[in-house]
file model-v6.pdb (PDB, C-alpha atoms)
MODEL        1
ATOM      1  CA  MET A   1       0.080  -0.329 -17.578  1.00  0.00           C
ATOM      2  CA  PRO A   2       1.725   0.810 -20.840  1.00  0.00           C
ATOM      3  CA  LYS A   3       5.331   1.501 -21.617  1.00  0.00           C
ATOM      4  CA  THR A   4       7.363   3.513 -19.183  1.00  0.00           C
ATOM      5  CA  LEU A   5       7.815   7.064 -20.371  1.00  0.00           C
ATOM      6  CA  GLU A   6      11.123   8.551 -19.390  1.00  0.00           C
ATOM      7  CA  PRO A   7      10.693  12.040 -18.016  1.00  0.00           C
ATOM      8  CA  GLU A   8      12.482  14.888 -19.680  1.00  0.00           C
ATOM      9  CA  THR A   9      11.362  17.658 -17.390  1.00  0.00           C
ATOM     10  CA  LEU A  10       9.543  18.163 -14.169  1.00  0.00           C
ATOM     11  CA  PRO A  11       5.818  18.340 -14.570  1.00  0.00           C
ATOM     12  CA  GLY A  12       4.352  21.779 -14.743  1.00  0.00           C
ATOM     13  CA  THR A  13       0.896  20.635 -13.846  1.00  0.00           C
ATOM     14  CA  SER A  14      -0.970  22.017 -10.923  1.00  0.00           C
ATOM     15  CA  THR A  15      -0.866  19.983  -7.751  1.00  0.00           C
ATOM     16  CA  GLU A  16      -3.680  18.530  -5.748  1.00  0.00           C
ATOM     17  CA  GLN A  17      -2.659  19.853  -2.416  1.00  0.00           C
ATOM     18  CA  GLU A  18      -0.444  22.623  -1.206  1.00  0.00           C
ATOM     19  CA  THR A  19       0.184  22.800   2.482  1.00  0.00           C
ATOM     20  CA  ARG A  20       2.836  25.488   2.630  1.00  0.00           C
ATOM     21  CA  SER A  21       1.767  28.910   3.682  1.00  0.00           C
ATOM     22  CA  LYS A  22       2.687  31.933   1.638  1.00  0.00           C
ATOM     23  CA  GLY A  23       6.062  33.312   2.526  1.00  0.00           C
ATOM     24  CA  GLU A  24       7.309  30.058   3.970  1.00  0.00           C
ATOM     25  CA  LEU A  25      10.882  29.533   2.820  1.00  0.00           C
ATOM     26  CA  ALA A  26      11.283  25.800   3.283  1.00  0.00           C
ATOM     27  CA  PRO A  27      11.578  24.084  -0.107  1.00  0.00           C
ATOM     28  CA  SER A  28       8.669  22.022  -1.271  1.00  0.00           C
ATOM     29  CA  TYR A  29       8.646  18.858  -3.342  1.00  0.00           C
ATOM     30  CA  TYR A  30       6.396  17.131  -5.808  1.00  0.00           C
ATOM     31  CA  VAL A  31       5.745  13.491  -5.066  1.00  0.00           C
ATOM     32  CA  ILE A  32       5.536  11.838  -8.473  1.00  0.00           C
ATOM     33  CA  CYS A  33       4.488   8.332  -9.427  1.00  0.00           C
ATOM     34  CA  TRP A  34       6.026   7.019 -12.660  1.00  0.00           C
ATOM     35  CA  ASN A  35       4.542   4.473 -14.980  1.00  0.00           C
ATOM     36  CA  ASP A  36       5.766   0.923 -15.425  1.00  0.00           C
ATOM     37  CA  PRO A  37       4.232  -2.011 -17.265  1.00  0.00           C
ATOM     38  CA  VAL A  38       4.170  -4.367 -14.298  1.00  0.00           C
ATOM     39  CA  ASN A  39       2.061  -2.852 -11.503  1.00  0.00           C
ATOM     40  CA  LEU A  40      -1.605  -3.715 -11.920  1.00  0.00           C
ATOM     41  CA  MET A  41      -3.963  -0.786 -12.374  1.00  0.00           C
ATOM     42  CA  VAL A  42      -6.232  -1.988  -9.586  1.00  0.00           C
ATOM     43  CA  TYR A  43      -3.192  -2.311  -7.343  1.00  0.00           C
ATOM     44  CA  VAL A  44      -1.999   1.241  -8.057  1.00  0.00           C
ATOM     45  CA  THR A  45      -5.478   2.603  -7.312  1.00  0.00           C
ATOM     46  CA  HIS A  46      -5.579   0.644  -4.070  1.00  0.00           C
ATOM     47  CA  VAL A  47      -2.174   1.976  -2.981  1.00  0.00           C
ATOM     48  CA  PHE A  48      -3.144   5.601  -3.657  1.00  0.00           C
ATOM     49  CA  MET A  49      -6.298   5.129  -1.579  1.00  0.00           C
ATOM     50  CA  LYS A  50      -4.325   3.596   1.275  1.00  0.00           C
ATOM     51  CA  VAL A  51      -1.385   5.992   1.331  1.00  0.00           C
ATOM     52  CA  PHE A  52      -3.247   9.258   0.771  1.00  0.00           C
ATOM     53  CA  GLY A  53      -6.677   8.317   2.081  1.00  0.00           C
ATOM     54  CA  TRP A  54      -8.212   9.346  -1.241  1.00  0.00           C
ATOM     55  CA  ASN A  55     -11.569   8.122  -2.439  1.00  0.00           C
ATOM     56  CA  ARG A  56     -11.667   5.701  -5.368  1.00  0.00           C
ATOM     57  CA  GLU A  57     -12.520   8.373  -7.911  1.00  0.00           C
ATOM     58  CA  LYS A  58      -9.496  10.511  -7.109  1.00  0.00           C
ATOM     59  CA  ALA A  59      -7.184   7.525  -6.830  1.00  0.00           C
ATOM     60  CA  GLN A  60      -8.339   6.230 -10.220  1.00  0.00           C
ATOM     61  CA  LYS A  61      -7.869   9.645 -11.801  1.00  0.00           C
ATOM     62  CA  HIS A  62      -4.215   9.681 -10.742  1.00  0.00           C
ATOM     63  CA  MET A  63      -3.736   6.015 -11.663  1.00  0.00           C
ATOM     64  CA  LEU A  64      -5.016   6.760 -15.175  1.00  0.00           C
ATOM     65  CA  GLU A  65      -2.748   9.792 -15.397  1.00  0.00           C
ATOM     66  CA  VAL A  66       0.212   7.528 -14.601  1.00  0.00           C
ATOM     67  CA  HIS A  67      -1.033   4.960 -17.090  1.00  0.00           C
ATOM     68  CA  GLU A  68      -1.724   7.360 -19.956  1.00  0.00           C
ATOM     69  CA  GLN A  69       0.796  10.155 -19.438  1.00  0.00           C
ATOM     70  CA  GLY A  70       3.684   8.234 -17.891  1.00  0.00           C
ATOM     71  CA  LYS A  71       3.553  10.012 -14.566  1.00  0.00           C
ATOM     72  CA  SER A  72       1.298  11.785 -12.146  1.00  0.00           C
ATOM     73  CA  VAL A  73       2.050  14.502  -9.633  1.00  0.00           C
ATOM     74  CA  LEU A  74       0.374  13.138  -6.537  1.00  0.00           C
ATOM     75  CA  ILE A  75       0.984  15.823  -3.971  1.00  0.00           C
ATOM     76  CA  ARG A  76       3.155  18.827  -3.103  1.00  0.00           C
ATOM     77  CA  GLU A  77       4.673  18.841   0.351  1.00  0.00           C
ATOM     78  CA  GLY A  78       7.642  19.902   2.450  1.00  0.00           C
ATOM     79  CA  ALA A  79      10.700  17.645   2.397  1.00  0.00           C
ATOM     80  CA  GLU A  80       9.796  15.557   5.424  1.00  0.00           C
ATOM     81  CA  LYS A  81       6.262  14.729   4.369  1.00  0.00           C
ATOM     82  CA  ALA A  82       7.254  14.177   0.743  1.00  0.00           C
ATOM     83  CA  GLU A  83       9.925  11.741   1.886  1.00  0.00           C
ATOM     84  CA  HIS A  84       7.386   9.967   4.073  1.00  0.00           C
ATOM     85  CA  TYR A  85       5.021   9.505   1.130  1.00  0.00           C
ATOM     86  CA  VAL A  86       7.800   8.243  -1.138  1.00  0.00           C
ATOM     87  CA  HIS A  87       8.717   5.660   1.506  1.00  0.00           C
ATOM     88  CA  GLN A  88       5.096   4.573   1.768  1.00  0.00           C
ATOM     89  CA  LEU A  89       4.683   4.261  -1.987  1.00  0.00           C
ATOM     90  CA  GLN A  90       7.952   2.420  -2.463  1.00  0.00           C
ATOM     91  CA  GLU A  91       7.054  -0.021   0.292  1.00  0.00           C
ATOM     92  CA  TYR A  92       4.247  -1.018  -2.068  1.00  0.00           C
ATOM     93  CA  GLN A  93       6.858  -1.173  -4.858  1.00  0.00           C
ATOM     94  CA  LEU A  94       5.455   1.751  -6.801  1.00  0.00           C
ATOM     95  CA  HIS A  95       8.040   3.849  -8.569  1.00  0.00           C
ATOM     96  CA  ALA A  96       7.683   7.135  -6.718  1.00  0.00           C
ATOM     97  CA  THR A  97      10.156   9.981  -6.417  1.00  0.00           C
ATOM     98  CA  MET A  98      10.305  13.413  -4.819  1.00  0.00           C
ATOM     99  CA  GLU A  99      11.399  16.275  -7.022  1.00  0.00           C
ATOM    100  CA  PRO A 100      12.016  19.918  -6.095  1.00  0.00           C
ATOM    101  CA  ALA A 101       8.981  22.035  -6.823  1.00  0.00           C
ATOM    102  CA  GLY A 102      11.122  24.938  -7.904  1.00  0.00           C
TER
ATOM    103  CA  MET B 103      -9.963 -18.270  -5.753  1.00  0.00           C
ATOM    104  CA  ARG B 104     -13.395 -17.061  -4.749  1.00  0.00           C
ATOM    105  CA  LEU B 105     -14.473 -14.467  -2.228  1.00  0.00           C
ATOM    106  CA  ARG B 106     -16.760 -16.295   0.175  1.00  0.00           C
ATOM    107  CA  ARG B 107     -17.405 -13.753   2.889  1.00  0.00           C
ATOM    108  CA  GLN B 108     -16.621 -10.115   3.484  1.00  0.00           C
ATOM    109  CA  THR B 109     -16.973  -8.135   6.675  1.00  0.00           C
ATOM    110  CA  ALA B 110     -15.664  -4.803   7.897  1.00  0.00           C
ATOM    111  CA  LYS B 111     -12.773  -6.622   9.564  1.00  0.00           C
ATOM    112  CA  GLY B 112     -11.651  -8.920   6.795  1.00  0.00           C
ATOM    113  CA  ARG B 113     -12.388 -11.388   4.081  1.00  0.00           C
ATOM    114  CA  GLU B 114     -12.633 -15.102   3.597  1.00  0.00           C
ATOM    115  CA  TYR B 115     -11.701 -16.781   0.330  1.00  0.00           C
ATOM    116  CA  GLU B 116     -12.072 -20.263  -1.038  1.00  0.00           C
ATOM    117  CA  LEU B 117      -9.047 -21.650  -2.854  1.00  0.00           C
ATOM    118  CA  SER B 118      -8.566 -24.772  -4.931  1.00  0.00           C
ATOM    119  CA  PRO B 119      -5.803 -27.134  -3.746  1.00  0.00           C
ATOM    120  CA  GLN B 120      -3.645 -25.897  -6.623  1.00  0.00           C
ATOM    121  CA  GLU B 121      -4.173 -22.238  -5.726  1.00  0.00           C
ATOM    122  CA  ALA B 122      -3.392 -22.947  -2.076  1.00  0.00           C
ATOM    123  CA  ARG B 123      -0.194 -24.731  -3.065  1.00  0.00           C
ATOM    124  CA  TYR B 124       0.943 -21.833  -5.252  1.00  0.00           C
ATOM    125  CA  LEU B 125       0.110 -19.223  -2.627  1.00  0.00           C
ATOM    126  CA  ARG B 126       2.092 -21.115   0.002  1.00  0.00           C
ATOM    127  CA  LEU B 127       4.958 -21.451  -2.457  1.00  0.00           C
ATOM    128  CA  LEU B 128       4.994 -17.711  -3.183  1.00  0.00           C
ATOM    129  CA  ILE B 129       4.940 -16.813   0.493  1.00  0.00           C
ATOM    130  CA  GLY B 130       7.413 -19.513   1.503  1.00  0.00           C
ATOM    131  CA  GLU B 131       9.954 -18.539  -1.151  1.00  0.00           C
ATOM    132  CA  PHE B 132       9.938 -14.849  -0.241  1.00  0.00           C
ATOM    133  CA  PRO B 133      12.143 -13.016  -1.066  1.00  0.00           C
ATOM    134  CA  ILE B 134      12.452 -14.637  -4.468  1.00  0.00           C
ATOM    135  CA  THR B 135      14.840 -11.924  -5.651  1.00  0.00           C
ATOM    136  CA  PRO B 136      16.876  -9.234  -3.907  1.00  0.00           C
ATOM    137  CA  GLY B 137      15.000  -6.024  -3.339  1.00  0.00           C
ATOM    138  CA  VAL B 138      14.922  -3.290  -5.937  1.00  0.00           C
ATOM    139  CA  THR B 139      15.147   0.296  -4.730  1.00  0.00           C
ATOM    140  CA  PRO B 140      14.527   2.948  -7.351  1.00  0.00           C
ATOM    141  CA  PRO B 141      16.200   6.344  -6.883  1.00  0.00           C
ATOM    142  CA  ILE B 142      14.389   8.673  -4.520  1.00  0.00           C
ATOM    143  CA  SER B 143      14.778  11.451  -7.088  1.00  0.00           C
ATOM    144  CA  ARG B 144      15.310  11.481 -10.832  1.00  0.00           C
ATOM    145  CA  ILE B 145      16.735  14.961 -11.126  1.00  0.00           C
ATOM    146  CA  ASP B 146      17.711  16.172  -7.674  1.00  0.00           C
ATOM    147  CA  SER B 147      21.233  15.523  -6.381  1.00  0.00           C
ATOM    148  CA  GLY B 148      23.570  16.445  -3.581  1.00  0.00           C
ATOM    149  CA  HIS B 149      24.251  15.395  -0.024  1.00  0.00           C
ATOM    150  CA  ALA B 150      20.639  15.697   1.148  1.00  0.00           C
ATOM    151  CA  VAL B 151      19.462  13.413  -1.661  1.00  0.00           C
ATOM    152  CA  GLU B 152      22.187  10.877  -0.892  1.00  0.00           C
ATOM    153  CA  GLU B 153      21.092  10.854   2.725  1.00  0.00           C
ATOM    154  CA  ARG B 154      17.447  10.436   1.734  1.00  0.00           C
ATOM    155  CA  GLN B 155      18.434   7.569  -0.560  1.00  0.00           C
ATOM    156  CA  ARG B 156      20.330   5.888   2.258  1.00  0.00           C
ATOM    157  CA  LEU B 157      17.324   6.163   4.563  1.00  0.00           C
ATOM    158  CA  LEU B 158      15.028   4.779   1.859  1.00  0.00           C
ATOM    159  CA  ASP B 159      17.359   1.842   1.206  1.00  0.00           C
ATOM    160  CA  GLU B 160      17.452   1.103   4.950  1.00  0.00           C
ATOM    161  CA  ALA B 161      13.685   1.365   5.307  1.00  0.00           C
ATOM    162  CA  LEU B 162      13.084  -1.015   2.404  1.00  0.00           C
ATOM    163  CA  ALA B 163      15.669  -3.484   3.716  1.00  0.00           C
ATOM    164  CA  GLU B 164      13.910  -3.452   7.090  1.00  0.00           C
ATOM    165  CA  GLN B 165      10.585  -3.925   5.381  1.00  0.00           C
ATOM    166  CA  ARG B 166      11.898  -7.019   3.567  1.00  0.00           C
ATOM    167  CA  LEU B 167      12.938  -8.521   6.906  1.00  0.00           C
ATOM    168  CA  GLU B 168       9.536  -7.725   8.385  1.00  0.00           C
ATOM    169  CA  LEU B 169       7.744  -9.287   5.418  1.00  0.00           C
ATOM    170  CA  LYS B 170       9.888 -12.408   5.764  1.00  0.00           C
ATOM    171  CA  ARG B 171       9.067 -12.576   9.471  1.00  0.00           C
ATOM    172  CA  ARG B 172       5.361 -12.263   8.744  1.00  0.00           C
ATOM    173  CA  ALA B 173       5.594 -14.855   5.977  1.00  0.00           C
ATOM    174  CA  THR B 174       7.181 -17.351   8.355  1.00  0.00           C
ATOM    175  CA  LEU B 175       4.465 -16.763  10.954  1.00  0.00           C
ATOM    176  CA  TRP B 176       1.765 -16.976   8.313  1.00  0.00           C
ATOM    177  CA  LEU B 177       2.989 -20.331   7.061  1.00  0.00           C
ATOM    178  CA  ALA B 178       2.951 -21.686  10.625  1.00  0.00           C
ATOM    179  CA  GLY B 179      -0.531 -20.303  11.305  1.00  0.00           C
ATOM    180  CA  GLU B 180      -3.999 -21.365  10.279  1.00  0.00           C
ATOM    181  CA  GLN B 181      -5.038 -18.509   8.027  1.00  0.00           C
ATOM    182  CA  LEU B 182      -4.954 -20.979   5.146  1.00  0.00           C
ATOM    183  CA  LYS B 183      -6.746 -24.129   6.198  1.00  0.00           C
ATOM    184  CA  PHE B 184      -7.986 -27.206   4.371  1.00  0.00           C
ATOM    185  CA  GLU B 185     -11.734 -27.703   4.611  1.00  0.00           C
ATOM    186  CA  GLY B 186     -13.057 -30.729   2.801  1.00  0.00           C
ATOM    187  CA  GLU B 187     -12.484 -30.171  -0.924  1.00  0.00           C
ATOM    188  CA  HIS B 188     -11.236 -26.607  -0.697  1.00  0.00           C
ATOM    189  CA  TRP B 189      -8.857 -24.407   1.207  1.00  0.00           C
ATOM    190  CA  ARG B 190     -10.114 -21.473   3.208  1.00  0.00           C
ATOM    191  CA  LEU B 191      -8.052 -18.310   3.371  1.00  0.00           C
ATOM    192  CA  LYS B 192      -8.866 -15.774   6.070  1.00  0.00           C
ATOM    193  CA  VAL B 193      -7.307 -12.328   5.877  1.00  0.00           C
ATOM    194  CA  ASN B 194      -8.011  -9.285   7.966  1.00  0.00           C
ATOM    195  CA  LEU B 195      -7.395  -5.850   6.488  1.00  0.00           C
ATOM    196  CA  GLU B 196      -3.890  -5.564   7.937  1.00  0.00           C
ATOM    197  CA  GLU B 197      -2.890  -9.026   6.706  1.00  0.00           C
ATOM    198  CA  ARG B 198      -4.132  -8.189   3.260  1.00  0.00           C
ATOM    199  CA  GLU B 199      -1.846  -5.160   3.087  1.00  0.00           C
ATOM    200  CA  TRP B 200       1.329  -7.051   3.911  1.00  0.00           C
ATOM    201  CA  LEU B 201       0.281  -9.896   1.631  1.00  0.00           C
ATOM    202  CA  LEU B 202      -0.150  -7.411  -1.206  1.00  0.00           C
ATOM    203  CA  LYS B 203       3.249  -5.874  -0.459  1.00  0.00           C
ATOM    204  CA  LEU B 204       4.906  -9.279  -0.344  1.00  0.00           C
ATOM    205  CA  LEU B 205       3.274 -10.433  -3.565  1.00  0.00           C
ATOM    206  CA  ASN B 206       4.160  -7.239  -5.372  1.00  0.00           C
ATOM    207  CA  HIS B 207       7.722  -7.402  -4.089  1.00  0.00           C
ATOM    208  CA  SER B 208       7.985 -10.811  -5.749  1.00  0.00           C
ATOM    209  CA  ARG B 209       6.238  -9.617  -8.903  1.00  0.00           C
ATOM    210  CA  LEU B 210       8.499  -6.567  -9.293  1.00  0.00           C
ATOM    211  CA  GLY B 211      11.629  -8.487  -8.374  1.00  0.00           C
ATOM    212  CA  CYS B 212      10.922 -11.190 -10.959  1.00  0.00           C
ATOM    213  CA  TRP B 213      10.132  -8.566 -13.576  1.00  0.00           C
ATOM    214  CA  HIS B 214      13.491  -6.908 -12.946  1.00  0.00           C
ATOM    215  CA  ALA B 215      15.247 -10.285 -13.005  1.00  0.00           C
ATOM    216  CA  LEU B 216      13.683 -10.934 -16.416  1.00  0.00           C
ATOM    217  CA  GLY B 217      15.117  -7.690 -17.772  1.00  0.00           C
ATOM    218  CA  LYS B 218      11.955  -5.568 -17.325  1.00  0.00           C
ATOM    219  CA  PRO B 219      10.023  -6.880 -20.350  1.00  0.00           C
ATOM    220  CA  GLU B 220       7.276  -4.648 -21.738  1.00  0.00           C
ATOM    221  CA  ASP B 221       5.126  -7.611 -22.741  1.00  0.00           C
ATOM    222  CA  MET B 222       4.736  -9.878 -19.764  1.00  0.00           C
ATOM    223  CA  GLU B 223       2.513 -12.392 -21.526  1.00  0.00           C
ATOM    224  CA  GLN B 224       5.322 -13.527 -23.812  1.00  0.00           C
ATOM    225  CA  PRO B 225       7.315 -16.562 -22.628  1.00  0.00           C
ATOM    226  CA  PRO B 226      10.750 -15.465 -21.434  1.00  0.00           C
ATOM    227  CA  GLN B 227      13.984 -15.944 -23.325  1.00  0.00           C
ATOM    228  CA  ILE B 228      15.962 -18.673 -21.593  1.00  0.00           C
ATOM    229  CA  HIS B 229      19.598 -17.718 -21.059  1.00  0.00           C
ATOM    230  CA  SER B 230      20.494 -19.545 -17.857  1.00  0.00           C
ATOM    231  CA  ALA B 231      21.556 -23.168 -17.684  1.00  0.00           C
ATOM    232  CA  TYR B 232      18.665 -24.142 -15.414  1.00  0.00           C
ATOM    233  CA  GLY B 233      15.928 -22.042 -16.973  1.00  0.00           C
ATOM    234  CA  LYS B 234      15.590 -19.712 -14.011  1.00  0.00           C
ATOM    235  CA  GLU B 235      13.778 -17.260 -16.291  1.00  0.00           C
ATOM    236  CA  LEU B 236      10.816 -19.634 -16.437  1.00  0.00           C
ATOM    237  CA  VAL B 237      10.636 -19.652 -12.641  1.00  0.00           C
ATOM    238  CA  TYR B 238      10.721 -15.845 -12.531  1.00  0.00           C
ATOM    239  CA  HIS B 239       8.055 -15.611 -15.222  1.00  0.00           C
ATOM    240  CA  THR B 240       5.797 -18.073 -13.422  1.00  0.00           C
ATOM    241  CA  PHE B 241       6.224 -16.392 -10.045  1.00  0.00           C
ATOM    242  CA  MET B 242       5.577 -12.974 -11.579  1.00  0.00           C
ATOM    243  CA  GLN B 243       2.325 -14.179 -13.145  1.00  0.00           C
ATOM    244  CA  LEU B 244       1.205 -16.010 -10.024  1.00  0.00           C
ATOM    245  CA  ALA B 245       1.858 -13.011  -7.795  1.00  0.00           C
ATOM    246  CA  GLY B 246      -0.179 -10.830 -10.157  1.00  0.00           C
ATOM    247  CA  TYR B 247      -3.001 -13.354 -10.123  1.00  0.00           C
ATOM    248  CA  PHE B 248      -3.243 -13.355  -6.322  1.00  0.00           C
ATOM    249  CA  GLU B 249      -2.945  -9.568  -6.117  1.00  0.00           C
ATOM    250  CA  ALA B 250      -5.845  -9.186  -8.523  1.00  0.00           C
ATOM    251  CA  GLU B 251      -7.909 -11.722  -6.587  1.00  0.00           C
ATOM    252  CA  LEU B 252      -7.220 -10.048  -3.235  1.00  0.00           C
ATOM    253  CA  LEU B 253      -8.376  -6.740  -4.724  1.00  0.00           C
ATOM    254  CA  ARG B 254     -11.180  -8.126  -6.849  1.00  0.00           C
ATOM    255  CA  GLU B 255     -14.048  -7.059  -4.642  1.00  0.00           C
ATOM    256  CA  GLU B 256     -12.810  -3.490  -4.867  1.00  0.00           C
ATOM    257  CA  ASP B 257     -12.617  -3.607  -8.610  1.00  0.00           C
ATOM    258  CA  GLY B 258     -15.886  -5.414  -9.226  1.00  0.00           C
ATOM    259  CA  PRO B 259     -16.300  -8.577 -11.321  1.00  0.00           C
ATOM    260  CA  ALA B 260     -13.552  -9.396 -13.817  1.00  0.00           C
TER
ENDMDL
END

call {"tool": "encode", "arguments": {"input": "model-v6.pdb", "output": "structure tokens"}}
result
Amino acid sequence: MPKTLEPETLPGTSTEQETRSKGELAPSYYVICWNDPVNLMVYVTHVFMKVFGWNREKAQKHMLEVHEQGKSVLIREGAEKAEHYVHQLQEYQLHATMEPAG
Amino acid sequence: MRLRRQTAKGREYELSPQEARYLRLLIGEFPITPGVTPPISRIDSGHAVEERQRLLDEALAEQRLELKRRATLWLAGEQLKFEGEHWRLKVNLEEREWLLKLLNHSRLGCWHALGKPEDMEQPPQIHSAYGKELVYHTFMQLAGYFEAELLREEDGPA
């Protein structure tokens, strides 16, 4: 993986999954994976498949986004689920955070 | 390290004596470095974030203990067994996951201990009296090697 890109702002990209219903007031969070030069690309793909149950194609798409753009928004969820995913990803030692979706 | 057999339940690898020795060393020495917990958020702050960070730190500390427990059991077991000229490594899908986590814990920890170098192929700068940087560099490379081998069948031929 290439150099780590320090984020300046939250990503404004669209998310893969939105589970909140319209009108729901609970805050939602982006789960973001940040790039680093040490995690192997094949390992990152594997972790995304395991944690999110994604197929290889989708997992690789997000892995490449991390690799090429410095970060990838993996999912948008409520606080509890976002926290759960961050725990899962960090147990694999990926640099994942949860950021308010605004 | 060569994939010898693959079923729905697990995989069987063939290792050279040198590979087997290094794998046992990596697993036996776990944790090579203290754990590294990145912040749970880069921009969010406040009491809720502090609480989430505390829970994450606790969860990762518990995970390290669990990995150490599994490593101890693994070393006492027969998953890695000498067979004639080679060593045979048997891993089911669940074992592979914790092995990957353990190996990557060591890889990340050594990378942090080396000062997070961008180029990991370069030999490390030696600052310590006993050349601990060389140990970290070697462990980091070895862990990456075994991770790649454990995932090789998913990624296709190298």

call {"tool": "residues_around", "arguments": {"input": "model-v6.pdb", "residues": "Thr135 (chain B)", "least_positions_apart": "4", "cutoff": "10 Å", "atoms": "all atoms listed in the file", "output": "list of chain:residue names"}}
result
B:Glu131, B:His207, B:Ser208, B:Arg209, B:Leu210, B:Gly211, B:Cys212, B:Trp213, B:His214, B:Ala215, B:Tyr238

call {"tool": "atom_distance", "arguments": {"input": "model-v6.pdb", "atom1": "CA of Arg126 (chain B)", "atom2": "CA of Glu114 (chain B)"}}
result
16.3 Å

call {"tool": "resolve_selection", "arguments": {"input": "model-v6.pdb", "expression": "the PyMOL selection byres ((chain B and resi 201-206) around 8)", "output": "compact mmCIF listing (two decimals) with C-alpha atoms, in the frame of the given file"}}
result
# COMPACT_ATOMS: atom_id res chain seq x y z
CA ASN A 39 2.06 -2.85 -11.50
CA GLU A 91 7.05 -0.02 0.29
CA TYR A 92 4.25 -1.02 -2.07
CA GLN A 93 6.86 -1.17 -4.86
CA LEU B 128 4.99 -17.71 -3.18
CA ILE B 129 4.94 -16.81 0.49
CA PHE B 132 9.94 -14.85 -0.24
CA LEU B 169 7.74 -9.29 5.42
CA GLU B 197 -2.89 -9.03 6.71
CA ARG B 198 -4.13 -8.19 3.26
CA GLU B 199 -1.85 -5.16 3.09
CA TRP B 200 1.33 -7.05 3.91
CA HIS B 207 7.72 -7.40 -4.09
CA SER B 208 7.98 -10.81 -5.75
CA ARG B 209 6.24 -9.62 -8.90
CA LEU B 210 8.50 -6.57 -9.29
CA ALA B 245 1.86 -13.01 -7.80
CA GLY B 246 -0.18 -10.83 -10.16
CA PHE B 248 -3.24 -13.36 -6.32
CA GLU B 249 -2.94 -9.57 -6.12
CA LEU B 252 -7.22 -10.05 -3.24

call {"tool": "interface_residues", "arguments": {"input": "model-v6.pdb", "of": "chain B", "to": "chain A", "cutoff": "7 Å", "atoms": "only C-alpha atoms", "output": "PyMOL selection string"}}
result
chain B and resi 140+142-146+158+162+203+206-207+210+220+257

call {"tool": "closest_residue", "arguments": {"input": "model-v6.pdb", "among": "B:Ile228, B:Ala122, B:Leu105, B:Ala110", "to": "Glu185 (chain B)", "atoms": "only C-alpha atoms"}}
result
B:Ala122

call {"tool": "residues_around", "arguments": {"input": "model-v6.pdb", "residues": "Leu64 (chain A)", "least_positions_apart": "5", "cutoff": "10 Å", "atoms": "only C-alpha atoms", "output": "list in words"}}
result
Met1, Asn35, Met41, Val44, Thr45, Lys58, Ala59, Gln69, Gly70, Lys71 and Ser72 of chain A

call {"tool": "atom_distance", "arguments": {"input": "model-v6.pdb", "atom1": "CA of Gln243 (chain B)", "atom2": "CA of Met222 (chain B)"}}
result
8.3 Å

call {"tool": "residues_around", "arguments": {"input": "model-v6.pdb", "residues": "Trp189 (chain B)", "least_positions_apart": "6", "cutoff": "6 Å", "atoms": "all atoms listed in the file", "output": "ChimeraX atom specification"}}
result
/B:116-117,183

call {"tool": "atom_distance", "arguments": {"input": "model-v6.pdb", "atom1": "CA of Ala26 (chain A)", "atom2": "CA of Gly78 (chain A)"}}
result
7.0 Å

call {"tool": "resolve_selection", "arguments": {"input": "model-v6.pdb", "expression": "the PyMOL selection byres ((chain B and resi 226) around 10)", "output": "VMD selection string"}}
result
chain B and resid 216 to 217 219 221 to 225 227 to 229 233 to 240

call {"tool": "closest_residue", "arguments": {"input": "model-v6.pdb", "among": "B:Pro133, B:Gly148, B:Pro119, B:Pro141", "to": "Ala173 (chain B)", "atoms": "all atoms listed in the file"}}
result
B:Pro133

call {"tool": "residues_around", "arguments": {"input": "model-v6.pdb", "residues": "Glu77 (chain A)", "least_positions_apart": "4", "cutoff": "6 Å", "atoms": "only C-alpha atoms", "output": "MDAnalysis selection string"}}
result
chainID A and resid 28:29 81:82

call {"tool": "build_atoms", "arguments": {"input": "model-v6.pdb", "residues": "region 60-68 of chain A", "atoms": "N, CA and C atoms", "output": "PDB file, keeping the file's coordinate frame"}}
result
ATOM      1  N   GLN A  60      -8.294   6.730  -8.838  1.00  0.00           N
ATOM      2  CA  GLN A  60      -8.339   6.230 -10.220  1.00  0.00           C
ATOM      3  C   GLN A  60      -7.903   7.308 -11.216  1.00  0.00           C
ATOM      4  N   LYS A  61      -8.272   8.536 -10.924  1.00  0.00           N
ATOM      5  CA  LYS A  61      -7.869   9.645 -11.801  1.00  0.00           C
ATOM      6  C   LYS A  61      -6.334   9.714 -11.890  1.00  0.00           C
ATOM      7  N   HIS A  62      -5.681   9.619 -10.745  1.00  0.00           N
ATOM      8  CA  HIS A  62      -4.215   9.681 -10.742  1.00  0.00           C
ATOM      9  C   HIS A  62      -3.608   8.410 -11.346  1.00  0.00           C
ATOM     10  N   MET A  63      -4.233   7.261 -11.078  1.00  0.00           N
ATOM     11  CA  MET A  63      -3.736   6.015 -11.663  1.00  0.00           C
ATOM     12  C   MET A  63      -3.783   6.111 -13.190  1.00  0.00           C
ATOM     13  N   LEU A  64      -4.892   6.644 -13.716  1.00  0.00           N
ATOM     14  CA  LEU A  64      -5.016   6.760 -15.175  1.00  0.00           C
ATOM     15  C   LEU A  64      -4.023   7.776 -15.745  1.00  0.00           C
ATOM     16  N   GLU A  65      -3.738   8.805 -14.968  1.00  0.00           N
ATOM     17  CA  GLU A  65      -2.748   9.792 -15.397  1.00  0.00           C
ATOM     18  C   GLU A  65      -1.371   9.113 -15.523  1.00  0.00           C
ATOM     19  N   VAL A  66      -1.040   8.280 -14.537  1.00  0.00           N
ATOM     20  CA  VAL A  66       0.212   7.528 -14.601  1.00  0.00           C
ATOM     21  C   VAL A  66       0.204   6.629 -15.841  1.00  0.00           C
ATOM     22  N   HIS A  67      -0.896   5.942 -16.016  1.00  0.00           N
ATOM     23  CA  HIS A  67      -1.033   4.960 -17.090  1.00  0.00           C
ATOM     24  C   HIS A  67      -0.956   5.613 -18.473  1.00  0.00           C
ATOM     25  N   GLU A  68      -1.604   6.749 -18.627  1.00  0.00           N
ATOM     26  CA  GLU A  68      -1.724   7.360 -19.956  1.00  0.00           C
ATOM     27  C   GLU A  68      -0.645   8.399 -20.247  1.00  0.00           C
TER      28      GLU A  68
END
